[in-house]
Amino acid sequence: MKKLWLVSLLMMSTGVGAAELVAPVEYREVAQTYSAEGMVEATRQSTVSAQIGGRVKEVNFDVGDSVKKGQIILRIDERESAQALAGSQAQVQQAQANAQNARLTYERARQLLAQKFISQAALDKAQSDYKVAIAQAAASEAGAGQASLAHGYTAVVAPYSGVVSARMVELGEMVMPGKPLMTGFDPSEMRVLVSVPQYKIGNIGAHPEVMIEVPSLNRWIKADSSKVQPVADARTHSTQVRVYLPANEAGLYPGMFVRAHFVVGKVKKLVIPASAVLRRSEVVATYVVDEKGAASLRQIRVGETAAEGWVEVLSGLKEGERVARDPVKAGMKQ
């Protein structure tokens, strides 16, 4: 008797019946939803490819590394491109010298024509040579610019800040233009892709309200926005919906399995917090707390989990009763 009294006193003193540890069984207006499975993907994801040929001489990042925008992720041997750049610059200097000489020749020809020492044809020839020299100088400068640009491609830089998700090249490997080098994504901007049957599109609307359930993290996320794509899959008769998540949502990465719950209406249901439900094999139960703070295990039958973190009670409880929010702690105290 004394032992039971001590257990009851301990339960009351540790707050089993406190308001913050119990929740009422009540009718609430919750969202009526249509659920569909989806997959997380990065809004910004890209593969960086080689733009020149050469041997990889330096790899600075690997899978899982964070990269800042503008950082050099790898280098390609630049000796060949450096020689090509030096040759192009020498050609520019030669073309500029030829253009300068052609200009002086043309000016002398004009003076000689004024003094009647040469014919008009000779002047025309000097003028034509001058124009050709100018065009050759411009072509040489363009070639040097192209060689300089190609030389810059030896340092492969990150186009934006993100995380490396795949590496397709090794140190010392020979690469050619177009060869994929690394794939990365921006973890700050994520979205969910969901395929919705065509007959449900009218129910969810063009810009539906969506809650994303992440089972692996036991978390619910309210979507920032969503958009129904104006194209249907002819094989599955479904339409893709893009659901955009809040920025910098921690713990998410491309390929994760999630569930999208599209709000299609409101309905009143008898609910309790989802955290109050205890699942053991095929048994679903909760701890019911009486007025004295004592908790007793009771088997219940539940329905769908609402987006707000509530679960529908189909049987086993009635309105006005109270349940322990944390059934594990309640069971340990019991």
# chains A, B, ... in the order shown; residues from 1 in each chain; ligands from 1
$ residues_around --residues "Val328 of chain A" --least-positions-apart "3" --cutoff "12 Å" --atoms "only C-alpha atoms" --output "compact mmCIF listing (two decimals) with N, CA, C and O atoms, in the first residue's frame"
# COMPACT_ATOMS: atom_id res chain seq x y z
N VAL A 16 3.11 13.97 -14.47
CA VAL A 16 2.44 13.17 -15.49
C VAL A 16 1.13 13.82 -15.89
O VAL A 16 0.73 13.80 -17.05
N LEU A 21 2.39 18.01 -20.28
CA LEU A 21 2.71 16.61 -20.54
C LEU A 21 1.50 15.80 -20.98
O LEU A 21 1.65 14.64 -21.36
N SER A 275 2.34 12.18 -31.33
CA SER A 275 3.38 11.72 -30.41
C SER A 275 2.82 10.87 -29.28
O SER A 275 3.57 10.13 -28.63
N ALA A 276 1.51 10.96 -29.03
CA ALA A 276 0.90 10.20 -27.93
C ALA A 276 0.61 8.76 -28.30
O ALA A 276 0.24 7.96 -27.43
N VAL A 277 0.75 8.41 -29.56
CA VAL A 277 0.43 7.06 -30.01
C VAL A 277 1.64 6.15 -29.82
O VAL A 277 2.75 6.47 -30.24
N LEU A 278 1.41 5.02 -29.18
CA LEU A 278 2.45 4.02 -28.95
C LEU A 278 2.19 2.83 -29.86
O LEU A 278 1.09 2.25 -29.85
N ARG A 279 3.18 2.48 -30.66
CA ARG A 279 3.04 1.36 -31.61
C ARG A 279 4.04 0.28 -31.24
O ARG A 279 5.25 0.52 -31.23
N ARG A 280 3.52 -0.90 -30.98
CA ARG A 280 4.34 -2.06 -30.69
C ARG A 280 3.83 -3.22 -31.51
O ARG A 280 2.77 -3.78 -31.22
N ALA A 285 -1.63 1.80 -29.14
CA ALA A 285 -2.20 2.16 -27.83
C ALA A 285 -1.75 3.55 -27.44
O ALA A 285 -0.93 4.19 -28.12
N THR A 286 -2.28 4.01 -26.32
CA THR A 286 -1.87 5.29 -25.73
C THR A 286 -2.08 5.20 -24.23
O THR A 286 -2.84 4.35 -23.73
N TYR A 287 -1.40 6.06 -23.48
CA TYR A 287 -1.57 6.11 -22.03
C TYR A 287 -2.61 7.17 -21.69
O TYR A 287 -2.43 8.35 -21.99
N ALA A 295 -1.49 7.03 -15.05
CA ALA A 295 -1.61 6.68 -16.47
C ALA A 295 -1.86 5.20 -16.64
O ALA A 295 -1.22 4.38 -15.98
N LEU A 297 -2.48 2.14 -19.74
CA LEU A 297 -2.36 1.84 -21.16
C LEU A 297 -3.70 1.36 -21.71
O LEU A 297 -4.37 0.53 -21.12
N ALA A 324 -1.22 10.95 -22.40
CA ALA A 324 0.16 11.40 -22.20
C ALA A 324 0.79 11.71 -23.55
O ALA A 324 0.70 10.91 -24.48
N ARG A 325 1.41 12.87 -23.64
CA ARG A 325 2.04 13.25 -24.90
C ARG A 325 3.24 12.37 -25.23
O ARG A 325 3.54 12.12 -26.39
N GLY A 331 5.08 5.27 -19.62
CA GLY A 331 5.23 3.85 -19.33
C GLY A 331 6.34 3.58 -18.33
O GLY A 331 6.21 2.70 -17.48
N MET A 332 7.43 4.32 -18.42
CA MET A 332 8.52 4.13 -17.46
C MET A 332 8.11 4.51 -16.06
O MET A 332 8.45 3.84 -15.08
N LYS A 333 7.33 5.60 -15.95
CA LYS A 333 6.86 6.00 -14.63
C LYS A 333 5.83 5.02 -14.08
O LYS A 333 5.74 4.77 -12.90
N GLN A 334 5.03 4.46 -15.03
CA GLN A 334 4.01 3.52 -14.59
C GLN A 334 4.66 2.23 -14.09
O GLN A 334 4.21 1.65 -13.12
$ atom_distance --atom1 "atom CA of Thr183 of chain A" --atom2 "atom CA of Gly64 of chain A"
10.7 Å
$ residues_around --residues "segment 106-113 of chain A" --least-positions-apart "3" --cutoff "9 Å" --atoms "only C-alpha atoms" --output "PyMOL selection string"
chain A and resi 101-103+116-120+122-130
$ write_last_selection --atoms "N, CA, C and O atoms" --output "PDB file, in the first residue's frame"
ATOM      1  N   ASN A 101      53.358  49.169 -90.410  1.00  0.00           N
ATOM      2  CA  ASN A 101      54.156  49.380 -91.617  1.00  0.00           C
ATOM      3  C   ASN A 101      53.271  49.704 -92.821  1.00  0.00           C
ATOM      4  O   ASN A 101      53.595  50.590 -93.642  1.00  0.00           O
ATOM      5  N   ALA A 102      52.106  49.003 -92.911  1.00  0.00           N
ATOM      6  CA  ALA A 102      51.179  49.262 -94.020  1.00  0.00           C
ATOM      7  C   ALA A 102      50.592  50.660 -93.916  1.00  0.00           C
ATOM      8  O   ALA A 102      50.349  51.327 -94.937  1.00  0.00           O
ATOM      9  N   ARG A 103      50.374  51.139 -92.709  1.00  0.00           N
ATOM     10  CA  ARG A 103      49.835  52.493 -92.530  1.00  0.00           C
ATOM     11  C   ARG A 103      50.843  53.547 -93.001  1.00  0.00           C
ATOM     12  O   ARG A 103      50.476  54.519 -93.695  1.00  0.00           O
ATOM     13  N   LYS A 116      52.599  63.923-107.734  1.00  0.00           N
ATOM     14  CA  LYS A 116      52.529  63.334-109.069  1.00  0.00           C
ATOM     15  C   LYS A 116      53.684  62.367-109.351  1.00  0.00           C
ATOM     16  O   LYS A 116      54.084  62.153-110.486  1.00  0.00           O
ATOM     17  N   PHE A 117      54.227  61.725-108.259  1.00  0.00           N
ATOM     18  CA  PHE A 117      55.315  60.784-108.464  1.00  0.00           C
ATOM     19  C   PHE A 117      54.808  59.346-108.675  1.00  0.00           C
ATOM     20  O   PHE A 117      55.557  58.508-109.200  1.00  0.00           O
ATOM     21  N   ILE A 118      53.579  59.027-108.246  1.00  0.00           N
ATOM     22  CA  ILE A 118      53.012  57.688-108.438  1.00  0.00           C
ATOM     23  C   ILE A 118      51.617  57.835-109.015  1.00  0.00           C
ATOM     24  O   ILE A 118      51.026  58.919-108.992  1.00  0.00           O
ATOM     25  N   SER A 119      51.134  56.703-109.498  1.00  0.00           N
ATOM     26  CA  SER A 119      49.795  56.705-110.087  1.00  0.00           C
ATOM     27  C   SER A 119      48.729  56.460-109.018  1.00  0.00           C
ATOM     28  O   SER A 119      49.030  56.048-107.885  1.00  0.00           O
ATOM     29  N   GLN A 120      47.475  56.677-109.430  1.00  0.00           N
ATOM     30  CA  GLN A 120      46.344  56.404-108.536  1.00  0.00           C
ATOM     31  C   GLN A 120      46.268  54.915-108.215  1.00  0.00           C
ATOM     32  O   GLN A 120      45.888  54.533-107.104  1.00  0.00           O
ATOM     33  N   ALA A 122      48.724  52.861-107.769  1.00  0.00           N
ATOM     34  CA  ALA A 122      49.688  52.552-106.701  1.00  0.00           C
ATOM     35  C   ALA A 122      49.141  52.956-105.337  1.00  0.00           C
ATOM     36  O   ALA A 122      49.336  52.263-104.327  1.00  0.00           O
ATOM     37  N   LEU A 123      48.448  54.105-105.286  1.00  0.00           N
ATOM     38  CA  LEU A 123      47.833  54.532-104.032  1.00  0.00           C
ATOM     39  C   LEU A 123      46.741  53.560-103.599  1.00  0.00           C
ATOM     40  O   LEU A 123      46.636  53.210-102.404  1.00  0.00           O
ATOM     41  N   ASP A 124      45.944  53.127-104.551  1.00  0.00           N
ATOM     42  CA  ASP A 124      44.878  52.172-104.226  1.00  0.00           C
ATOM     43  C   ASP A 124      45.457  50.871-103.686  1.00  0.00           C
ATOM     44  O   ASP A 124      44.896  50.258-102.763  1.00  0.00           O
ATOM     45  N   LYS A 125      46.586  50.445-104.293  1.00  0.00           N
ATOM     46  CA  LYS A 125      47.244  49.212-103.812  1.00  0.00           C
ATOM     47  C   LYS A 125      47.736  49.384-102.379  1.00  0.00           C
ATOM     48  O   LYS A 125      47.568  48.497-101.518  1.00  0.00           O
ATOM     49  N   ALA A 126      48.326  50.529-102.061  1.00  0.00           N
ATOM     50  CA  ALA A 126      48.815  50.779-100.699  1.00  0.00           C
ATOM     51  C   ALA A 126      47.652  50.835 -99.702  1.00  0.00           C
ATOM     52  O   ALA A 126      47.753  50.335 -98.570  1.00  0.00           O
ATOM     53  N   GLN A 127      46.544  51.444-100.125  1.00  0.00           N
ATOM     54  CA  GLN A 127      45.372  51.520 -99.240  1.00  0.00           C
ATOM     55  C   GLN A 127      44.802  50.129 -98.983  1.00  0.00           C
ATOM     56  O   GLN A 127      44.420  49.804 -97.851  1.00  0.00           O
ATOM     57  N   SER A 128      44.729  49.306-100.005  1.00  0.00           N
ATOM     58  CA  SER A 128      44.213  47.948 -99.865  1.00  0.00           C
ATOM     59  C   SER A 128      45.107  47.123 -98.946  1.00  0.00           C
ATOM     60  O   SER A 128      44.616  46.378 -98.083  1.00  0.00           O
ATOM     61  N   ASP A 129      46.433  47.261 -99.111  1.00  0.00           N
ATOM     62  CA  ASP A 129      47.352  46.523 -98.229  1.00  0.00           C
ATOM     63  C   ASP A 129      47.182  46.951 -96.774  1.00  0.00           C
ATOM     64  O   ASP A 129      47.279  46.121 -95.846  1.00  0.00           O
ATOM     65  N   TYR A 130      46.926  48.241 -96.566  1.00  0.00           N
ATOM     66  CA  TYR A 130      46.725  48.737 -95.196  1.00  0.00           C
ATOM     67  C   TYR A 130      45.468  48.128 -94.567  1.00  0.00           C
ATOM     68  O   TYR A 130      45.483  47.698 -93.402  1.00  0.00           O
TER      69      TYR A 130
END
$ residues_around --residues "segment 229-246 of chain A" --least-positions-apart "5" --cutoff "7 Å" --atoms "only C-alpha atoms" --output "PDB file with N, CA, C and O atoms, in the first residue's frame"
ATOM      1  N   MET A 190      15.717  23.449 -52.080  1.00  0.00           N
ATOM      2  CA  MET A 190      15.244  22.082 -52.347  1.00  0.00           C
ATOM      3  C   MET A 190      13.762  22.114 -52.725  1.00  0.00           C
ATOM      4  O   MET A 190      13.021  23.027 -52.362  1.00  0.00           O
ATOM      5  N   ARG A 191      13.356  21.095 -53.448  1.00  0.00           N
ATOM      6  CA  ARG A 191      11.949  20.949 -53.817  1.00  0.00           C
ATOM      7  C   ARG A 191      11.606  19.475 -53.866  1.00  0.00           C
ATOM      8  O   ARG A 191      12.486  18.604 -53.836  1.00  0.00           O
ATOM      9  N   VAL A 192      10.302  19.206 -53.945  1.00  0.00           N
ATOM     10  CA  VAL A 192       9.806  17.832 -53.978  1.00  0.00           C
ATOM     11  C   VAL A 192       9.048  17.626 -55.285  1.00  0.00           C
ATOM     12  O   VAL A 192       8.225  18.465 -55.672  1.00  0.00           O
ATOM     13  N   LEU A 193       9.309  16.515 -55.936  1.00  0.00           N
ATOM     14  CA  LEU A 193       8.591  16.144 -57.153  1.00  0.00           C
ATOM     15  C   LEU A 193       7.575  15.063 -56.816  1.00  0.00           C
ATOM     16  O   LEU A 193       7.925  14.032 -56.244  1.00  0.00           O
ATOM     17  N   VAL A 194       6.324  15.320 -57.164  1.00  0.00           N
ATOM     18  CA  VAL A 194       5.232  14.398 -56.861  1.00  0.00           C
ATOM     19  C   VAL A 194       4.426  14.165 -58.127  1.00  0.00           C
ATOM     20  O   VAL A 194       4.124  15.113 -58.872  1.00  0.00           O
ATOM     21  N   SER A 195       4.068  12.919 -58.382  1.00  0.00           N
ATOM     22  CA  SER A 195       3.192  12.587 -59.505  1.00  0.00           C
ATOM     23  C   SER A 195       1.776  12.390 -58.979  1.00  0.00           C
ATOM     24  O   SER A 195       1.538  11.536 -58.122  1.00  0.00           O
ATOM     25  N   VAL A 196       0.854  13.189 -59.484  1.00  0.00           N
ATOM     26  CA  VAL A 196      -0.537  13.173 -59.025  1.00  0.00           C
ATOM     27  C   VAL A 196      -1.422  12.680 -60.178  1.00  0.00           C
ATOM     28  O   VAL A 196      -1.276  13.153 -61.309  1.00  0.00           O
ATOM     29  N   PRO A 197      -2.323  11.722 -59.916  1.00  0.00           N
ATOM     30  CA  PRO A 197      -3.240  11.273 -60.978  1.00  0.00           C
ATOM     31  C   PRO A 197      -4.055  12.433 -61.540  1.00  0.00           C
ATOM     32  O   PRO A 197      -4.397  13.378 -60.826  1.00  0.00           O
ATOM     33  N   GLN A 198      -4.362  12.344 -62.807  1.00  0.00           N
ATOM     34  CA  GLN A 198      -5.054  13.451 -63.468  1.00  0.00           C
ATOM     35  C   GLN A 198      -6.409  13.748 -62.836  1.00  0.00           C
ATOM     36  O   GLN A 198      -6.825  14.906 -62.762  1.00  0.00           O
ATOM     37  N   ALA A 223       5.221  23.710 -47.080  1.00  0.00           N
ATOM     38  CA  ALA A 223       5.828  24.135 -48.332  1.00  0.00           C
ATOM     39  C   ALA A 223       5.701  25.636 -48.525  1.00  0.00           C
ATOM     40  O   ALA A 223       4.702  26.244 -48.122  1.00  0.00           O
ATOM     41  N   ASP A 224       6.705  26.230 -49.146  1.00  0.00           N
ATOM     42  CA  ASP A 224       6.654  27.653 -49.484  1.00  0.00           C
ATOM     43  C   ASP A 224       5.663  27.905 -50.616  1.00  0.00           C
ATOM     44  O   ASP A 224       4.871  28.843 -50.566  1.00  0.00           O
TER      45      ASP A 224
END
$ closest_atom_pairs --of "segment 102-209 of chain A" --to "segment 248-269 of chain A" --cutoff "7 Å" --atoms "only C-alpha atoms" --output "tab-separated table"
residue	atom	partner	partner_atom	distance
A:Pro187	CA	A:Asn248	CA	6.8
A:Ser188	CA	A:Asn248	CA	4.2
A:Glu189	CA	A:Asn248	CA	6.6
A:Asn203	CA	A:Val264	CA	6.0
A:Ile204	CA	A:Val264	CA	5.6
A:Pro208	CA	A:Phe262	CA	6.4
A:Glu209	CA	A:Val263	CA	5.6
$ write_last_selection --atoms "N, CA, C and O atoms" --output "compact mmCIF listing (two decimals), in the first residue's frame"
# COMPACT_ATOMS: atom_id res chain seq x y z
N PRO A 187 22.31 22.95 -51.51
CA PRO A 187 21.41 22.42 -50.47
C PRO A 187 20.47 23.45 -49.88
O PRO A 187 19.55 23.10 -49.15
N SER A 188 20.66 24.72 -50.21
CA SER A 188 19.80 25.76 -49.64
C SER A 188 18.48 25.87 -50.37
O SER A 188 17.54 26.49 -49.86
N GLU A 189 18.37 25.30 -51.57
CA GLU A 189 17.14 25.39 -52.36
C GLU A 189 16.72 23.98 -52.77
O GLU A 189 17.30 23.40 -53.69
N ASN A 203 -9.01 18.63 -57.74
CA ASN A 203 -9.24 18.75 -56.30
C ASN A 203 -8.15 19.57 -55.61
O ASN A 203 -8.44 20.34 -54.69
N ILE A 204 -6.92 19.40 -56.03
CA ILE A 204 -5.84 20.09 -55.33
C ILE A 204 -5.62 21.51 -55.85
O ILE A 204 -5.04 22.34 -55.16
N PRO A 208 -1.65 24.30 -55.07
CA PRO A 208 -2.21 23.72 -53.84
C PRO A 208 -1.40 24.04 -52.60
O PRO A 208 -0.20 24.31 -52.66
N GLU A 209 -2.11 24.00 -51.46
CA GLU A 209 -1.44 24.09 -50.16
C GLU A 209 -0.94 22.70 -49.80
O GLU A 209 -1.68 21.73 -49.86
$ select_by_dssp --residues "segment 159-285 of chain A" --states "strand (DSSP E)" --output "PyMOL selection string"
chain A and resi 162-167+174-175+180-185+190-197+210-214+219-222+225-233+238-244+257-273+278-280+283-285
$ write_last_selection --atoms "C-alpha atoms" --output "mmCIF file, in the first residue's frame"
data_model
loop_
_atom_site.group_PDB
_atom_site.id
_atom_site.type_symbol
_atom_site.label_atom_id
_atom_site.label_comp_id
_atom_site.auth_asym_id
_atom_site.auth_seq_id
_atom_site.Cartn_x
_atom_site.Cartn_y
_atom_site.Cartn_z
ATOM 1 C CA GLY A 162 26.979 23.848 -52.956
ATOM 2 C CA VAL A 163 27.925 20.277 -52.138
ATOM 3 C CA VAL A 164 29.709 17.777 -54.390
ATOM 4 C CA SER A 165 27.414 14.803 -55.018
ATOM 5 C CA ALA A 166 29.467 12.865 -57.600
ATOM 6 C CA ARG A 167 33.031 12.811 -58.910
ATOM 7 C CA MET A 174 43.151 12.324 -69.550
ATOM 8 C CA VAL A 175 39.992 14.282 -70.321
ATOM 9 C CA PRO A 180 31.774 15.185 -67.087
ATOM 10 C CA LEU A 181 34.002 16.012 -64.133
ATOM 11 C CA MET A 182 31.868 16.649 -61.039
ATOM 12 C CA THR A 183 28.216 16.982 -60.092
ATOM 13 C CA GLY A 184 27.009 19.240 -57.322
ATOM 14 C CA PHE A 185 23.849 20.758 -55.887
ATOM 15 C CA MET A 190 15.244 22.082 -52.347
ATOM 16 C CA ARG A 191 11.949 20.949 -53.817
ATOM 17 C CA VAL A 192 9.806 17.832 -53.978
ATOM 18 C CA LEU A 193 8.591 16.144 -57.153
ATOM 19 C CA VAL A 194 5.232 14.398 -56.861
ATOM 20 C CA SER A 195 3.192 12.587 -59.505
ATOM 21 C CA VAL A 196 -0.537 13.173 -59.025
ATOM 22 C CA PRO A 197 -3.240 11.273 -60.978
ATOM 23 C CA VAL A 210 0.960 21.298 -49.251
ATOM 24 C CA MET A 211 2.561 19.815 -46.151
ATOM 25 C CA ILE A 212 5.577 17.564 -46.660
ATOM 26 C CA GLU A 213 6.070 14.588 -44.348
ATOM 27 C CA VAL A 214 9.632 13.287 -44.021
ATOM 28 C CA ARG A 219 9.246 15.806 -39.393
ATOM 29 C CA TRP A 220 6.555 17.855 -41.155
ATOM 30 C CA ILE A 221 7.475 20.814 -43.357
ATOM 31 C CA LYS A 222 5.090 23.450 -44.673
ATOM 32 C CA SER A 225 4.852 27.223 -52.794
ATOM 33 C CA SER A 226 3.809 24.608 -55.308
ATOM 34 C CA LYS A 227 3.112 24.464 -59.003
ATOM 35 C CA VAL A 228 1.269 21.942 -61.150
ATOM 36 C CA GLN A 229 3.174 21.326 -64.385
ATOM 37 C CA PRO A 230 1.092 21.814 -67.566
ATOM 38 C CA VAL A 231 2.201 18.458 -69.013
ATOM 39 C CA ALA A 232 0.809 14.961 -68.340
ATOM 40 C CA ASP A 233 2.569 11.610 -68.645
ATOM 41 C CA SER A 238 -0.366 11.511 -64.054
ATOM 42 C CA THR A 239 0.829 15.102 -63.755
ATOM 43 C CA GLN A 240 3.979 16.249 -62.009
ATOM 44 C CA VAL A 241 3.696 18.760 -59.175
ATOM 45 C CA ARG A 242 6.704 20.712 -57.955
ATOM 46 C CA VAL A 243 6.610 21.608 -54.281
ATOM 47 C CA TYR A 244 9.181 24.194 -53.195
ATOM 48 C CA PHE A 257 11.604 9.697 -49.896
ATOM 49 C CA VAL A 258 8.804 11.952 -48.628
ATOM 50 C CA ARG A 259 5.012 12.181 -48.664
ATOM 51 C CA ALA A 260 3.168 15.229 -49.923
ATOM 52 C CA HIS A 261 -0.181 15.959 -48.275
ATOM 53 C CA PHE A 262 -2.301 18.249 -50.464
ATOM 54 C CA VAL A 263 -5.055 20.111 -48.624
ATOM 55 C CA VAL A 264 -8.385 19.513 -50.367
ATOM 56 C CA GLY A 265 -10.753 20.669 -47.580
ATOM 57 C CA LYS A 266 -11.457 20.886 -43.852
ATOM 58 C CA VAL A 267 -13.185 18.321 -41.620
ATOM 59 C CA LYS A 268 -13.804 17.824 -37.876
ATOM 60 C CA LYS A 269 -12.205 14.725 -36.364
ATOM 61 C CA LEU A 270 -11.601 13.279 -32.901
ATOM 62 C CA VAL A 271 -7.849 13.631 -32.581
ATOM 63 C CA ILE A 272 -4.871 13.300 -30.262
ATOM 64 C CA PRO A 273 -1.227 14.322 -30.819
ATOM 65 C CA LEU A 278 2.454 4.018 -28.949
ATOM 66 C CA ARG A 279 3.038 1.358 -31.605
ATOM 67 C CA ARG A 280 4.343 -2.056 -30.686
ATOM 68 C CA VAL A 283 -0.682 -3.101 -31.171
ATOM 69 C CA VAL A 284 -1.600 0.598 -31.251
ATOM 70 C CA ALA A 285 -2.201 2.158 -27.834
#
$ closest_residue --among "A:Val30, A:Ala150, A:Val22, A:Ala95" --to "Ile52 of chain A" --atoms "only C-alpha atoms"
A:Ala150
$ select_by_dssp --residues "segment 79-326 of chain A" --states "alpha helix (DSSP H)" --output "ChimeraX atom specification"
/A:79-114,120-152,198-204
$ closest_residue --among "A:Gln299, A:Asp290, A:Ala86, A:Val67" --to "Gly320 of chain A" --atoms "only C-alpha atoms"
A:Asp290
